[in-house]
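Notes for the one structure printed next.
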Amino acid sequence: MTLPSDLPGAGRAPGGTPGPNQYVRVPDAGLNAYADEFLAGVEDLPTYRPTVGCVIPAYNEGETIAGVLDALLAQTRLPDVIHVIVNNTTDDTVEVAGYYAGEHVRMTRNGEQMTEIFVHDIGKNPDKKVGALNYGYSLVEGYDYLLGVDGDTTPEPDAIEELVDEIASDDRIGGISAIYSIDDSAVDGTIAKFLVAGQRAQFAAFNMQNLLRGRNMAVLGGQFSIFSTQALRDVLDDSHQRTPWVKDSEVEDSLLSLQIKSAGYLTKISAAARAHVGGMTTLRSLDAQQVKWNFGAIDLMWPGQRGDTPGQPLHPNLRLRWFEHISMVINITTRLMFLLLLLGSLSINAFVFSPWWLIPPLAAVFLNFRVARSMYYGNRRDYLFSLLLFPAEIYMWIRIGHFLRAWTKFASRAQTDNWAAQAKAERGAGQAYLAPLAALAIIVAVMSAIWLQLPIDAKSDVLAVGWPILGIITILQTGWMTTKLLRRYKGYKG
């Protein structure tokens, strides 16, 4: 290589004699100027921005869909496209969402951004939410990520930015769920406030469990989660499915989370992205929702119930579910035993109070209070719910009813549409939520009738054996609560 002849000293040997292939040292100032110009040009090159397609399945969301779309348009990182998939609706969801259809340009802290909203009314859809999700997937499968948002979920302004940053930082992540809570600022009525406070505590405890388990999330809830579309394509290949979500599961999000994990990806809960989901404000609607969730979890947990999910009971994403159900069985056992033994003791004037009995409820109060303190948006109502003991205890009895109803439905093998049951309950129809209360009354009545037939010596023997057994179970349960109470939260907020 030779330098141009017009450069000083080009092509000459040190002594001035022309020499072949000779180079001349360019002055350092010229190199520095060229380097600065080159680096400035590199910095000006556009960086790759992952694409996000948002899918909102909407069923009778006329009252909430505007708030959801407003929250999405207020994000610091807008989705590249938003598809509202309206299905089976009988209200004005289409009309309300239709006002938002079209392009939207917003100035955010990250500069000017644009998104486009499409509203699809797919009419009567037998697959309900699953069908709407799969329809949305077909529209955004070419994007890098699919953001699933429920029609009553409002995210914090930086939620999408946080989710995208987290999932884009690690190719091993197949999906990330936001941290969920319920906005109780607009809740009216004593019963509604009580139920929402219980659900907020339930969400906070569940969030903290997952955050402390390496942020591994067993269920990527459909309320506000982001999925890698590559991970979804791998699920289709591994599971021989045509669509990511399948209609033969009561908890479509739980099953998909298991399949993403089985495909070799991580399922995580975000450390920072937050979203507010719709809460259930009546006993009827809460019962239908919780029974559907519990029934779906049992369906995935129990061996041999689903031909396309062999070995699911040992799936790592189900370990927390097994623990939750075992804990609920222990809660049922201790409470029912205490109630029956207390009634039996009072019937023969053998009841003797011991101050030691105050330790388990106090441990429960402290644990509930710590959960309340862990809430990012904890308020006075959350603290009262935990400190007064009775609200949390009543809510636990309500959850026991949901748990027993779900297992009873599963054991009966009755073919019921739990989605339809929840929709019916939210409309204010159905009395199934009263079944646990009726069952408890029957159990107490039957046990009381048997108790009255026993001789006094037999009653004393039953109490002499029953109370120590209950004491041992309660001691173990209190020890476990104390362990959870002393566990460090590592700065996480539920």
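Residue numbering restarts at 1 for every chain of the structure tokens, chains are lettered A, B, ... in their displayed order, and ligands are numbered from 1 as they appear.
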Exercise for the section: Please identify all polymer residues within 8 Å of Gly278 in chain A, counting only C-alpha atoms, omitting same-chain residues fewer than 3 positions from it, and present them as JSON, numbers by chain. Expected result: {"A": [152, 153, 182, 183]}
Selected residues written out with C-alpha atoms, as a CSV table (one decimal), in the first residue's frame:
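Saved the output as out-v5.csv:
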chain,number,residue,atom,x,y,z
A,152,ASP,CA,-59.9,-3.7,34.0
A,153,THR,CA,-56.1,-3.3,34.7
A,182,ILE,CA,-56.0,-3.5,43.8
A,183,ASP,CA,-56.8,0.2,43.9
Per residue of range 382-481 of chain A within 10 Å of range 347-369 of chain A, record the nearest atom pair and its distance in Å to one decimal, counting only C-alpha atoms, with rows in chain order and ascending residue number, as JSON lines.
{"residue": "A:Asp382", "atom": "CA", "partner": "A:Phe369", "partner_atom": "CA", "distance": 8.4}
{"residue": "A:Tyr383", "atom": "CA", "partner": "A:Phe369", "partner_atom": "CA", "distance": 6.3}
{"residue": "A:Leu384", "atom": "CA", "partner": "A:Phe369", "partner_atom": "CA", "distance": 8.7}
{"residue": "A:Phe385", "atom": "CA", "partner": "A:Asn368", "partner_atom": "CA", "distance": 8.4}
{"residue": "A:Ser386", "atom": "CA", "partner": "A:Asn368", "partner_atom": "CA", "distance": 5.0}
{"residue": "A:Leu387", "atom": "CA", "partner": "A:Val365", "partner_atom": "CA", "distance": 5.7}
{"residue": "A:Leu388", "atom": "CA", "partner": "A:Val365", "partner_atom": "CA", "distance": 7.8}
{"residue": "A:Leu389", "atom": "CA", "partner": "A:Val365", "partner_atom": "CA", "distance": 6.0}
{"residue": "A:Phe390", "atom": "CA", "partner": "A:Val365", "partner_atom": "CA", "distance": 9.7}
{"residue": "A:Ala392", "atom": "CA", "partner": "A:Asn368", "partner_atom": "CA", "distance": 8.0}
{"residue": "A:Glu393", "atom": "CA", "partner": "A:Ala364", "partner_atom": "CA", "distance": 9.4}
{"residue": "A:Ser448", "atom": "CA", "partner": "A:Ser347", "partner_atom": "CA", "distance": 9.8}
{"residue": "A:Trp451", "atom": "CA", "partner": "A:Ser347", "partner_atom": "CA", "distance": 9.4}
{"residue": "A:Leu452", "atom": "CA", "partner": "A:Ser347", "partner_atom": "CA", "distance": 9.0}
{"residue": "A:Ile456", "atom": "CA", "partner": "A:Ile348", "partner_atom": "CA", "distance": 8.1}
{"residue": "A:Lys459", "atom": "CA", "partner": "A:Ile348", "partner_atom": "CA", "distance": 8.4}
{"residue": "A:Ser460", "atom": "CA", "partner": "A:Ala350", "partner_atom": "CA", "distance": 8.6}
{"residue": "A:Leu463", "atom": "CA", "partner": "A:Ala350", "partner_atom": "CA", "distance": 9.0}
{"residue": "A:Gly471", "atom": "CA", "partner": "A:Trp357", "partner_atom": "CA", "distance": 9.1}
{"residue": "A:Thr474", "atom": "CA", "partner": "A:Pro360", "partner_atom": "CA", "distance": 7.2}
{"residue": "A:Ile475", "atom": "CA", "partner": "A:Pro360", "partner_atom": "CA", "distance": 7.9}
{"residue": "A:Gln477", "atom": "CA", "partner": "A:Pro360", "partner_atom": "CA", "distance": 8.1}
{"residue": "A:Thr478", "atom": "CA", "partner": "A:Pro360", "partner_atom": "CA", "distance": 5.5}
{"residue": "A:Gly479", "atom": "CA", "partner": "A:Pro360", "partner_atom": "CA", "distance": 9.0}
{"residue": "A:Trp480", "atom": "CA", "partner": "A:Ala363", "partner_atom": "CA", "distance": 9.9}
{"residue": "A:Met481", "atom": "CA", "partner": "A:Ala363", "partner_atom": "CA", "distance": 6.6}
Store the residues picked out above in a file with N, CA and C atoms, as a short mmCIF file (atom, residue, chain, number, x, y, z; two decimals), in the first residue's frame.
data_model
loop_
_atom_site.label_atom_id
_atom_site.label_comp_id
_atom_site.auth_asym_id
_atom_site.auth_seq_id
_atom_site.Cartn_x
_atom_site.Cartn_y
_atom_site.Cartn_z
N ASP A 382 -55.57 -1.13 55.27
CA ASP A 382 -54.76 -2.35 55.26
C ASP A 382 -54.21 -2.66 56.66
N TYR A 383 -53.79 -1.62 57.36
CA TYR A 383 -53.26 -1.83 58.71
C TYR A 383 -54.37 -2.26 59.68
N LEU A 384 -55.53 -1.67 59.57
CA LEU A 384 -56.64 -2.07 60.44
C LEU A 384 -57.05 -3.51 60.16
N PHE A 385 -57.06 -3.88 58.89
CA PHE A 385 -57.41 -5.25 58.51
C PHE A 385 -56.49 -6.25 59.20
N SER A 386 -55.22 -5.92 59.30
CA SER A 386 -54.26 -6.85 59.88
C SER A 386 -54.25 -6.82 61.41
N LEU A 387 -54.40 -5.63 62.00
CA LEU A 387 -54.24 -5.49 63.45
C LEU A 387 -55.49 -5.91 64.24
N LEU A 388 -56.66 -5.79 63.64
CA LEU A 388 -57.88 -6.12 64.37
C LEU A 388 -58.15 -7.61 64.46
N LEU A 389 -57.38 -8.43 63.78
CA LEU A 389 -57.44 -9.90 63.80
C LEU A 389 -58.72 -10.44 63.19
N PHE A 390 -59.88 -9.98 63.64
CA PHE A 390 -61.14 -10.57 63.18
C PHE A 390 -61.38 -10.39 61.68
N ALA A 392 -59.18 -10.34 59.24
CA ALA A 392 -58.34 -11.33 58.56
C ALA A 392 -58.83 -12.76 58.82
N GLU A 393 -59.32 -13.00 60.03
CA GLU A 393 -59.82 -14.34 60.36
C GLU A 393 -61.10 -14.65 59.59
N SER A 448 -72.69 -32.17 66.71
CA SER A 448 -73.36 -31.89 67.98
C SER A 448 -74.33 -33.01 68.35
N TRP A 451 -72.32 -35.86 69.51
CA TRP A 451 -71.73 -35.54 70.81
C TRP A 451 -72.75 -35.73 71.94
N LEU A 452 -73.97 -35.33 71.70
CA LEU A 452 -74.99 -35.44 72.73
C LEU A 452 -75.32 -36.88 73.07
N ILE A 456 -70.62 -39.28 79.33
CA ILE A 456 -69.72 -38.24 79.82
C ILE A 456 -68.27 -38.68 79.81
N LYS A 459 -66.95 -38.42 76.33
CA LYS A 459 -66.70 -37.01 75.99
C LYS A 459 -65.39 -36.53 76.59
N SER A 460 -65.13 -36.90 77.84
CA SER A 460 -63.88 -36.49 78.49
C SER A 460 -62.67 -37.08 77.76
N LEU A 463 -62.03 -35.15 74.51
CA LEU A 463 -61.40 -33.87 74.78
C LEU A 463 -59.96 -34.03 75.24
N GLY A 471 -53.05 -28.88 70.00
CA GLY A 471 -51.93 -28.10 70.52
C GLY A 471 -50.65 -28.34 69.73
N THR A 474 -50.94 -26.70 66.32
CA THR A 474 -50.88 -25.25 66.45
C THR A 474 -49.47 -24.77 66.73
N ILE A 475 -48.73 -25.51 67.55
CA ILE A 475 -47.33 -25.14 67.84
C ILE A 475 -46.50 -25.16 66.56
N GLN A 477 -47.62 -24.86 63.50
CA GLN A 477 -48.10 -23.79 62.63
C GLN A 477 -47.57 -22.44 63.11
N THR A 478 -47.55 -22.22 64.42
CA THR A 478 -47.04 -20.96 64.97
C THR A 478 -45.54 -20.83 64.69
N GLY A 479 -44.81 -21.93 64.79
CA GLY A 479 -43.38 -21.90 64.46
C GLY A 479 -43.15 -21.50 63.01
N TRP A 480 -43.98 -22.01 62.11
CA TRP A 480 -43.84 -21.65 60.71
C TRP A 480 -44.17 -20.18 60.48
N MET A 481 -45.20 -19.67 61.16
CA MET A 481 -45.53 -18.25 61.04
C MET A 481 -44.39 -17.38 61.56
#
Exercise for the section: Check range 160-255 of chain A with DSSP on the backbone and list each residue it calls alpha helix (DSSP H), as a PyMOL selection string. Expected result: chain A and resi 160-168+190-211+229-239+252-255
For the selection just defined, write its residues with N, CA and C atoms to a file, as a tab-separated table (two decimals), in the first residue's frame.
chain	number	residue	atom	x	y	z
A	160	ILE	N	-44.64	-0.46	31.51
A	160	ILE	CA	-44.19	-1.11	30.27
A	160	ILE	C	-42.69	-0.94	30.09
A	161	GLU	N	-42.19	0.24	30.37
A	161	GLU	CA	-40.74	0.47	30.24
A	161	GLU	C	-39.95	-0.48	31.14
A	162	GLU	N	-40.43	-0.66	32.37
A	162	GLU	CA	-39.74	-1.57	33.30
A	162	GLU	C	-39.78	-3.01	32.77
A	163	LEU	N	-40.94	-3.45	32.30
A	163	LEU	CA	-41.06	-4.82	31.81
A	163	LEU	C	-40.18	-5.06	30.59
A	164	VAL	N	-40.19	-4.11	29.66
A	164	VAL	CA	-39.38	-4.27	28.44
A	164	VAL	C	-37.90	-4.29	28.78
A	165	ASP	N	-37.47	-3.38	29.66
A	165	ASP	CA	-36.05	-3.35	30.04
A	165	ASP	C	-35.62	-4.67	30.68
A	166	GLU	N	-36.49	-5.23	31.53
A	166	GLU	CA	-36.14	-6.46	32.22
A	166	GLU	C	-36.08	-7.65	31.27
A	167	ILE	N	-37.11	-7.81	30.42
A	167	ILE	CA	-37.15	-8.99	29.56
A	167	ILE	C	-36.11	-8.90	28.45
A	168	ALA	N	-35.79	-7.67	27.98
A	168	ALA	CA	-34.80	-7.51	26.92
A	168	ALA	C	-33.38	-7.70	27.44
A	190	THR	N	-69.35	-1.17	53.09
A	190	THR	CA	-68.57	-1.87	54.12
A	190	THR	C	-68.09	-3.23	53.64
A	191	ILE	N	-69.00	-4.03	53.06
A	191	ILE	CA	-68.62	-5.37	52.59
A	191	ILE	C	-67.58	-5.28	51.49
A	192	ALA	N	-67.78	-4.37	50.56
A	192	ALA	CA	-66.84	-4.23	49.44
A	192	ALA	C	-65.46	-3.83	49.94
A	193	LYS	N	-65.39	-2.88	50.89
A	193	LYS	CA	-64.11	-2.45	51.42
A	193	LYS	C	-63.41	-3.59	52.16
A	194	PHE	N	-64.19	-4.36	52.91
A	194	PHE	CA	-63.63	-5.50	53.63
A	194	PHE	C	-63.06	-6.54	52.66
A	195	LEU	N	-63.82	-6.88	51.62
A	195	LEU	CA	-63.36	-7.89	50.66
A	195	LEU	C	-62.14	-7.43	49.88
A	196	VAL	N	-62.12	-6.16	49.49
A	196	VAL	CA	-60.97	-5.65	48.75
A	196	VAL	C	-59.74	-5.60	49.65
A	197	ALA	N	-59.90	-5.26	50.92
A	197	ALA	CA	-58.77	-5.27	51.85
A	197	ALA	C	-58.20	-6.68	51.97
A	198	GLY	N	-59.08	-7.69	52.02
A	198	GLY	CA	-58.61	-9.06	52.07
A	198	GLY	C	-57.87	-9.46	50.80
A	199	GLN	N	-58.39	-9.05	49.65
A	199	GLN	CA	-57.73	-9.37	48.39
A	199	GLN	C	-56.38	-8.66	48.27
A	200	ARG	N	-56.31	-7.43	48.75
A	200	ARG	CA	-55.03	-6.70	48.73
A	200	ARG	C	-53.98	-7.43	49.57
A	201	ALA	N	-54.39	-7.91	50.75
A	201	ALA	CA	-53.46	-8.66	51.60
A	201	ALA	C	-53.06	-9.97	50.93
A	202	GLN	N	-54.02	-10.62	50.28
A	202	GLN	CA	-53.75	-11.88	49.60
A	202	GLN	C	-52.76	-11.66	48.45
A	203	PHE	N	-52.96	-10.61	47.66
A	203	PHE	CA	-52.04	-10.29	46.57
A	203	PHE	C	-50.65	-9.97	47.11
A	204	ALA	N	-50.57	-9.17	48.18
A	204	ALA	CA	-49.28	-8.75	48.72
A	204	ALA	C	-48.49	-9.95	49.22
A	205	ALA	N	-49.16	-10.87	49.93
A	205	ALA	CA	-48.46	-12.07	50.42
A	205	ALA	C	-47.98	-12.93	49.26
A	206	PHE	N	-48.81	-13.08	48.24
A	206	PHE	CA	-48.44	-13.88	47.07
A	206	PHE	C	-47.26	-13.23	46.33
A	207	ASN	N	-47.31	-11.92	46.14
A	207	ASN	CA	-46.22	-11.22	45.47
A	207	ASN	C	-44.91	-11.41	46.22
A	208	MET	N	-44.96	-11.26	47.56
A	208	MET	CA	-43.74	-11.36	48.34
A	208	MET	C	-43.15	-12.76	48.29
A	209	GLN	N	-44.01	-13.77	48.31
A	209	GLN	CA	-43.52	-15.15	48.20
A	209	GLN	C	-42.72	-15.33	46.92
A	210	ASN	N	-43.23	-14.81	45.82
A	210	ASN	CA	-42.54	-14.97	44.54
A	210	ASN	C	-41.29	-14.10	44.45
A	211	LEU	N	-41.34	-12.89	44.98
A	211	LEU	CA	-40.17	-12.02	44.96
A	211	LEU	C	-39.01	-12.63	45.73
A	229	THR	N	-42.28	-13.39	22.18
A	229	THR	CA	-43.00	-14.14	21.15
A	229	THR	C	-42.18	-15.33	20.67
A	230	GLN	N	-40.85	-15.25	20.80
A	230	GLN	CA	-40.04	-16.43	20.47
A	230	GLN	C	-40.32	-17.56	21.45
A	231	ALA	N	-40.48	-17.22	22.72
A	231	ALA	CA	-40.82	-18.25	23.71
A	231	ALA	C	-42.19	-18.85	23.40
A	232	LEU	N	-43.14	-18.03	22.98
A	232	LEU	CA	-44.47	-18.55	22.64
A	232	LEU	C	-44.39	-19.48	21.43
A	233	ARG	N	-43.56	-19.12	20.44
A	233	ARG	CA	-43.40	-20.01	19.28
A	233	ARG	C	-42.77	-21.33	19.69
A	234	ASP	N	-41.83	-21.29	20.63
A	234	ASP	CA	-41.21	-22.52	21.11
A	234	ASP	C	-42.22	-23.39	21.86
A	235	VAL	N	-43.13	-22.75	22.60
A	235	VAL	CA	-44.19	-23.50	23.28
A	235	VAL	C	-45.07	-24.22	22.26
A	236	LEU	N	-45.40	-23.54	21.17
A	236	LEU	CA	-46.23	-24.17	20.13
A	236	LEU	C	-45.53	-25.39	19.56
A	237	ASP	N	-44.23	-25.28	19.34
A	237	ASP	CA	-43.48	-26.42	18.79
A	237	ASP	C	-43.40	-27.57	19.80
A	238	ASP	N	-43.05	-27.22	21.05
A	238	ASP	CA	-42.87	-28.26	22.06
A	238	ASP	C	-44.18	-28.95	22.43
A	239	SER	N	-45.27	-28.18	22.47
A	239	SER	CA	-46.55	-28.72	22.93
A	239	SER	C	-47.46	-29.16	21.79
A	252	GLU	N	-55.84	-20.53	32.02
A	252	GLU	CA	-55.04	-20.53	30.81
A	252	GLU	C	-53.67	-19.91	31.04
A	253	ASP	N	-53.58	-18.91	31.94
A	253	ASP	CA	-52.29	-18.29	32.18
A	253	ASP	C	-51.36	-19.20	32.97
A	254	SER	N	-51.90	-20.00	33.91
A	254	SER	CA	-51.06	-20.93	34.67
A	254	SER	C	-50.48	-22.01	33.76
A	255	LEU	N	-51.31	-22.56	32.90
A	255	LEU	CA	-50.84	-23.62	32.00
A	255	LEU	C	-49.77	-23.09	31.05
Residues of range 167-310 of chain A classed as strand (DSSP E or B) by DSSP on the backbone are to be reported as a PDB file with N, CA and C atoms, in the first residue's frame.
ATOM      1  N   ILE A 173     -35.349 -15.198  29.652  1.00  0.00           N
ATOM      2  CA  ILE A 173     -36.664 -14.900  30.217  1.00  0.00           C
ATOM      3  C   ILE A 173     -37.738 -15.059  29.149  1.00  0.00           C
ATOM      4  N   GLY A 174     -38.729 -15.887  29.434  1.00  0.00           N
ATOM      5  CA  GLY A 174     -39.832 -16.087  28.509  1.00  0.00           C
ATOM      6  C   GLY A 174     -41.020 -15.198  28.798  1.00  0.00           C
ATOM      7  N   GLY A 175     -41.129 -14.726  30.032  1.00  0.00           N
ATOM      8  CA  GLY A 175     -42.249 -13.859  30.391  1.00  0.00           C
ATOM      9  C   GLY A 175     -42.041 -13.236  31.758  1.00  0.00           C
ATOM     10  N   ILE A 176     -42.584 -12.045  31.938  1.00  0.00           N
ATOM     11  CA  ILE A 176     -42.487 -11.342  33.226  1.00  0.00           C
ATOM     12  C   ILE A 176     -43.856 -10.778  33.575  1.00  0.00           C
ATOM     13  N   SER A 177     -44.238 -10.986  34.814  1.00  0.00           N
ATOM     14  CA  SER A 177     -45.500 -10.455  35.322  1.00  0.00           C
ATOM     15  C   SER A 177     -45.240  -9.206  36.146  1.00  0.00           C
ATOM     16  N   ALA A 178     -46.161  -8.271  36.080  1.00  0.00           N
ATOM     17  CA  ALA A 178     -46.072  -7.095  36.943  1.00  0.00           C
ATOM     18  C   ALA A 178     -46.426  -7.483  38.380  1.00  0.00           C
ATOM     19  N   ILE A 179     -46.133  -6.592  39.310  1.00  0.00           N
ATOM     20  CA  ILE A 179     -46.566  -6.756  40.698  1.00  0.00           C
ATOM     21  C   ILE A 179     -47.994  -6.223  40.784  1.00  0.00           C
ATOM     22  N   TYR A 180     -48.912  -7.073  41.218  1.00  0.00           N
ATOM     23  CA  TYR A 180     -50.331  -6.707  41.207  1.00  0.00           C
ATOM     24  C   TYR A 180     -50.821  -6.228  42.565  1.00  0.00           C
ATOM     25  N   SER A 181     -51.705  -5.267  42.504  1.00  0.00           N
ATOM     26  CA  SER A 181     -52.449  -4.850  43.679  1.00  0.00           C
ATOM     27  C   SER A 181     -53.820  -4.385  43.202  1.00  0.00           C
ATOM     28  N   ILE A 182     -54.649  -3.944  44.139  1.00  0.00           N
ATOM     29  CA  ILE A 182     -55.994  -3.473  43.813  1.00  0.00           C
ATOM     30  C   ILE A 182     -56.139  -2.047  44.329  1.00  0.00           C
ATOM     31  N   ASN A 216     -38.878 -15.787  40.901  1.00  0.00           N
ATOM     32  CA  ASN A 216     -39.457 -16.791  40.015  1.00  0.00           C
ATOM     33  C   ASN A 216     -40.969 -16.780  40.184  1.00  0.00           C
ATOM     34  N   PHE A 224     -51.464  -8.307  33.587  1.00  0.00           N
ATOM     35  CA  PHE A 224     -50.468  -7.413  32.994  1.00  0.00           C
ATOM     36  C   PHE A 224     -49.129  -8.136  32.960  1.00  0.00           C
ATOM     37  N   SER A 225     -48.879  -8.870  31.889  1.00  0.00           N
ATOM     38  CA  SER A 225     -47.640  -9.628  31.730  1.00  0.00           C
ATOM     39  C   SER A 225     -47.117  -9.468  30.317  1.00  0.00           C
ATOM     40  N   ILE A 226     -45.807  -9.547  30.182  1.00  0.00           N
ATOM     41  CA  ILE A 226     -45.171  -9.448  28.869  1.00  0.00           C
ATOM     42  C   ILE A 226     -44.513 -10.788  28.548  1.00  0.00           C
ATOM     43  N   PHE A 227     -44.658 -11.213  27.287  1.00  0.00           N
ATOM     44  CA  PHE A 227     -44.147 -12.502  26.846  1.00  0.00           C
ATOM     45  C   PHE A 227     -43.210 -12.307  25.652  1.00  0.00           C
ATOM     46  N   SER A 228     -42.152 -13.088  25.610  1.00  0.00           N
ATOM     47  CA  SER A 228     -41.323 -13.155  24.413  1.00  0.00           C
ATOM     48  C   SER A 228     -42.074 -13.965  23.360  1.00  0.00           C
ATOM     49  N   LEU A 266     -37.252 -18.806  31.604  1.00  0.00           N
ATOM     50  CA  LEU A 266     -37.551 -18.373  32.963  1.00  0.00           C
ATOM     51  C   LEU A 266     -38.878 -17.626  32.971  1.00  0.00           C
ATOM     52  N   THR A 267     -39.627 -17.773  34.045  1.00  0.00           N
ATOM     53  CA  THR A 267     -40.849 -17.001  34.259  1.00  0.00           C
ATOM     54  C   THR A 267     -40.641 -16.178  35.529  1.00  0.00           C
ATOM     55  N   LYS A 268     -40.713 -14.862  35.397  1.00  0.00           N
ATOM     56  CA  LYS A 268     -40.306 -13.968  36.472  1.00  0.00           C
ATOM     57  C   LYS A 268     -41.422 -13.019  36.882  1.00  0.00           C
ATOM     58  N   ILE A 269     -41.277 -12.460  38.073  1.00  0.00           N
ATOM     59  CA  ILE A 269     -42.098 -11.336  38.505  1.00  0.00           C
ATOM     60  C   ILE A 269     -41.203 -10.110  38.516  1.00  0.00           C
ATOM     61  N   SER A 270     -41.711  -9.003  38.029  1.00  0.00           N
ATOM     62  CA  SER A 270     -40.917  -7.778  37.950  1.00  0.00           C
ATOM     63  C   SER A 270     -40.569  -7.274  39.348  1.00  0.00           C
ATOM     64  N   ALA A 271     -39.434  -6.600  39.423  1.00  0.00           N
ATOM     65  CA  ALA A 271     -39.045  -5.983  40.687  1.00  0.00           C
ATOM     66  C   ALA A 271     -39.588  -4.573  40.819  1.00  0.00           C
ATOM     67  N   ALA A 272     -40.102  -4.004  39.714  1.00  0.00           N
ATOM     68  CA  ALA A 272     -40.498  -2.598  39.760  1.00  0.00           C
ATOM     69  C   ALA A 272     -41.821  -2.287  39.063  1.00  0.00           C
ATOM     70  N   ALA A 273     -42.184  -3.027  38.004  1.00  0.00           N
ATOM     71  CA  ALA A 273     -43.412  -2.723  37.263  1.00  0.00           C
ATOM     72  C   ALA A 273     -44.632  -3.081  38.097  1.00  0.00           C
ATOM     73  N   ARG A 274     -45.592  -2.138  38.171  1.00  0.00           N
ATOM     74  CA  ARG A 274     -46.773  -2.344  39.009  1.00  0.00           C
ATOM     75  C   ARG A 274     -48.045  -2.059  38.216  1.00  0.00           C
ATOM     76  N   ALA A 275     -49.082  -2.816  38.548  1.00  0.00           N
ATOM     77  CA  ALA A 275     -50.370  -2.627  37.883  1.00  0.00           C
ATOM     78  C   ALA A 275     -51.487  -2.880  38.881  1.00  0.00           C
ATOM     79  N   HIS A 276     -52.585  -2.147  38.698  1.00  0.00           N
ATOM     80  CA  HIS A 276     -53.744  -2.268  39.585  1.00  0.00           C
ATOM     81  C   HIS A 276     -54.843  -3.036  38.858  1.00  0.00           C
ATOM     82  N   VAL A 277     -55.262  -4.142  39.453  1.00  0.00           N
ATOM     83  CA  VAL A 277     -56.260  -4.997  38.823  1.00  0.00           C
ATOM     84  C   VAL A 277     -57.631  -4.746  39.448  1.00  0.00           C
TER      85      VAL A 277
END
Nearby residues (only C-alpha atoms) at most 8 Å from range 433-441 of chain A, same-chain spacing under 3 positions excluded, as a compact mmCIF listing (two decimals) with N, CA and C atoms, in the first residue's frame:
# COMPACT_ATOMS: atom_id res chain seq x y z
N LEU A 283 -69.48 -10.99 47.81
CA LEU A 283 -69.15 -12.37 48.17
C LEU A 283 -69.40 -13.31 47.01
N ARG A 284 -70.44 -13.04 46.24
CA ARG A 284 -70.81 -13.90 45.13
C ARG A 284 -69.73 -13.90 44.04
N ASP A 287 -66.35 -15.40 45.30
CA ASP A 287 -66.44 -16.86 45.35
C ASP A 287 -66.23 -17.47 43.97
N ALA A 288 -66.91 -16.93 42.95
CA ALA A 288 -66.81 -17.49 41.61
C ALA A 288 -65.38 -17.38 41.07
N GLY A 401 -63.93 -21.56 52.38
CA GLY A 401 -65.12 -21.93 51.62
C GLY A 401 -64.82 -22.07 50.14
N HIS A 402 -64.05 -21.14 49.57
CA HIS A 402 -63.68 -21.22 48.16
C HIS A 402 -62.87 -22.49 47.89
N LEU A 404 -62.77 -25.35 49.59
CA LEU A 404 -63.56 -26.58 49.69
C LEU A 404 -64.53 -26.71 48.51
N ARG A 405 -65.08 -25.61 48.06
CA ARG A 405 -65.98 -25.66 46.90
C ARG A 405 -65.23 -26.13 45.66
N GLY A 430 -76.99 -16.31 41.10
CA GLY A 430 -76.43 -17.53 41.68
C GLY A 430 -76.29 -17.46 43.19
N VAL A 444 -71.52 -28.91 61.94
CA VAL A 444 -71.66 -28.61 63.37
C VAL A 444 -72.90 -29.28 63.95
N ALA A 445 -73.99 -29.28 63.20
CA ALA A 445 -75.23 -29.90 63.68
C ALA A 445 -75.06 -31.41 63.83
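If only C-alpha atoms are the atoms counted, then among A:Trp397, A:Trp407, A:Tyr265, A:Tyr492 the closest residue to Arg215 in chain A is A:Tyr492.
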I'd like the neighbourhood of Ala101 in chain A as a PDB file with N, CA and C atoms, in the first residue's frame, where a residue qualifies if any of its atoms comes within 9 Å (using only C-alpha atoms), though same-chain residues fewer than 6 positions away should be ignored.
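Output (result-v8.pdb):
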ATOM      1  N   GLU A 116     -50.597   2.921  17.720  1.00  0.00           N
ATOM      2  CA  GLU A 116     -51.868   2.888  17.017  1.00  0.00           C
ATOM      3  C   GLU A 116     -52.784   1.882  17.696  1.00  0.00           C
ATOM      4  N   ILE A 117     -54.017   2.290  17.902  1.00  0.00           N
ATOM      5  CA  ILE A 117     -54.999   1.444  18.580  1.00  0.00           C
ATOM      6  C   ILE A 117     -55.999   0.914  17.557  1.00  0.00           C
ATOM      7  N   PHE A 118     -56.206  -0.398  17.610  1.00  0.00           N
ATOM      8  CA  PHE A 118     -57.203  -1.058  16.773  1.00  0.00           C
ATOM      9  C   PHE A 118     -58.243  -1.710  17.684  1.00  0.00           C
ATOM     10  N   VAL A 119     -59.491  -1.616  17.325  1.00  0.00           N
ATOM     11  CA  VAL A 119     -60.569  -2.238  18.089  1.00  0.00           C
ATOM     12  C   VAL A 119     -61.215  -3.313  17.211  1.00  0.00           C
TER      13      VAL A 119
END
Problem - Atomic separation - CA of Asp144 in chain A relative to CA of Thr64 in chain A, Å - result: 27.7 Å
Exercise for the section: Considering only C-alpha atoms, return as number ranges by chain whatever protein or nucleic-acid residues lie within 9 Å of His104 in chain A, sequence-local ones (same chain, fewer than 4 positions apart) excluded. Expected result: A: 73, 100, 113-117
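Put simply, CA of Ile443 in chain A is 11.7 Å away from CA of Met337 in chain A.
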Exercise for the section: Write out as a PyMOL selection string each polymer residue whose atoms come within 7 Å of Asn60 in chain A, counting only C-alpha atoms; drop sequence neighbours fewer than 4 positions from it. Expected result: chain A and resi 89-91+93
